[in-house]
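The structure under discussion appears below in the form of structure tokens.
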Amino acid sequence: MSKTKRNYKIPLSILLLILIDQCIKIYISNNLMRENFYIINDIVEFAPTLNTSYSWFNSLFDLGIGLLPHIVINTIILLISILIFDFTRLKQKEGKIIELLFFLLLAGVICSLIDKIFWGGSLDYIYLKGFFTFDLKDVYLSIFEIILISCWLFNYKGFRKIDEKLLYRDFKSYIKTKYFQLF
């Protein structure tokens with residue numbers, strides 16, 4: 001695949017995942033907010049709710065952290081993810097799994113940011129009985145986590161053999177060279 005096609009493929013793939021997530025939420029918000037029904041026996045239920053705790057962690061521990069800190073944290077995570085993705089593409093030329101990881105991560109983080117800014121929380125709609133309610137963005141992030149852990153467990157492309165100190169030094173040098181050349 002040519003570099004130009006590859007450069008378009010990445011943002012278009014991420015945009016597609018974001019659009020799917022947001023279109024589902026718009027449809028549910030306009031048509032199904034008062035609907036509840038079981039999807040799989042009495043285990044998985046369609047039960048839309050607006051999560052105004054802004055994050056699973058905040059909700060679980062009832063921390064009371066507000067919207068603005070969540071937006072700031074989400075933005076920082078997004079920027080760091082983009083930097084790591086760009087750095088990883090330079091270090092590892094090929095890798096469909098690595099690309100998939102970043103598609104899922106960036107789409108999930110951007111969807112989370114959109115939820116906070118435009119929805120005032122997350123419109124969650126799938127209830128796993130006895131546990132939690134989630135949405136498609138959460139599925140993206142969970143699949144990301146599962147693939148990342150699998151890469152480590154199965155030592156994908158020498159994943160476990162990575163020298164963290166050398167990697168950190170290379171990343172620091174990359175940031176300095178690419179973004180702070182003027183200083």
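Identifiers in this document derive from the order of the structure tokens: chains are assigned A, B, ..., residues are numbered from 1 separately in each chain, and ligands are numbered from 1 in order of occurrence.
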
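Secondary structure from DSSP on the backbone puts helix (DSSP H, G or I) at the following positions of segment 21-75 of chain A: Asp21, Gln22, Cys23, Ile24, Lys25, Ile26, Tyr27, Ile28, Ser29, Asn30, Asn31, Trp56, Phe57, Asn58, Ser59, Leu60, Phe61, Leu67, Leu68, Pro69, His70, Ile71, Val72, Ile73, Asn74 and Thr75 of chain A.
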
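Proximity to Gly121 of chain A at 6 Å, evaluated using only C-alpha atoms and with sequence-adjacent residues fewer than 3 positions away removed, yields Asn51, Thr52, Tyr54, Asp115 and Lys116 of chain A.
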
#### Entry: Nearby residues (only C-alpha atoms) at most 12 Å from segment 87-96 of chain A, same-chain spacing under 4 positions excluded, as a ChimeraX atom specification
/A:1,3,6-7,10,80-83,100-103,147,151,156-159,162,167-168,170-178

### Task
Would you kindly return, as a ChimeraX atom specification, each protein, DNA or RNA residue with an atom no farther than 12 Å from any atom of Trp119 of chain A, considering only C-alpha atoms and excluding same-chain residues fewer than 4 positions away?
/A:22,25-26,29,49-52,54,67,111-115,123-124

### Query
Taking into account only C-alpha atoms, which residue in the set A:Phe57, A:Ile65, A:Tyr125, A:Gly108 is nearest to Ile28 of chain A?
A:Tyr125

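Shortest separation to His70 of chain A among A:Tyr38, A:Ser122, A:Ala107, A:Leu12 occurs at residue A:Ser122, atoms counted being only C-alpha atoms.
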
### Task
Based on DSSP run over this structure's backbone, return all residues of segment 117-158 of chain A in strand (DSSP E or B), as a list in words.
Ser122, Leu123, Asp124, Tyr125, Ile126, Tyr127, Leu128, Phe132, Thr133 and Phe134 of chain A

#### Entry: Distance of atom CA of Phe61 of chain A from atom CA of Ile77 of chain A, expressed in Å to one decimal place
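One can read the atom CA of Ile77 of chain A to atom CA of Phe61 of chain A distance as 20.7 Å.
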
### Task
Find the spatial neighbours of Arg34 of chain A, counting only C-alpha atoms, within a cut-off of 8 Å - ignore same-chain residues fewer than 2 positions away - and output them as number ranges by chain.
A: 32, 36, 48

### Message
So, with only C-alpha atoms as the atoms that count, which of A:Leu141, A:Ile73, A:Leu128, A:Leu148 lies closest to Asn41 of chain A?
### Response
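The answer is A:Leu128, which sits nearest to Asn41 of chain A.
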
#### Entry: Å distance separating atom CA of Ser55 of chain A from atom CA of Asp138 of chain A, one decimal place
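Calculated distance between atom CA of Ser55 of chain A and atom CA of Asp138 of chain A is 10.5 Å.
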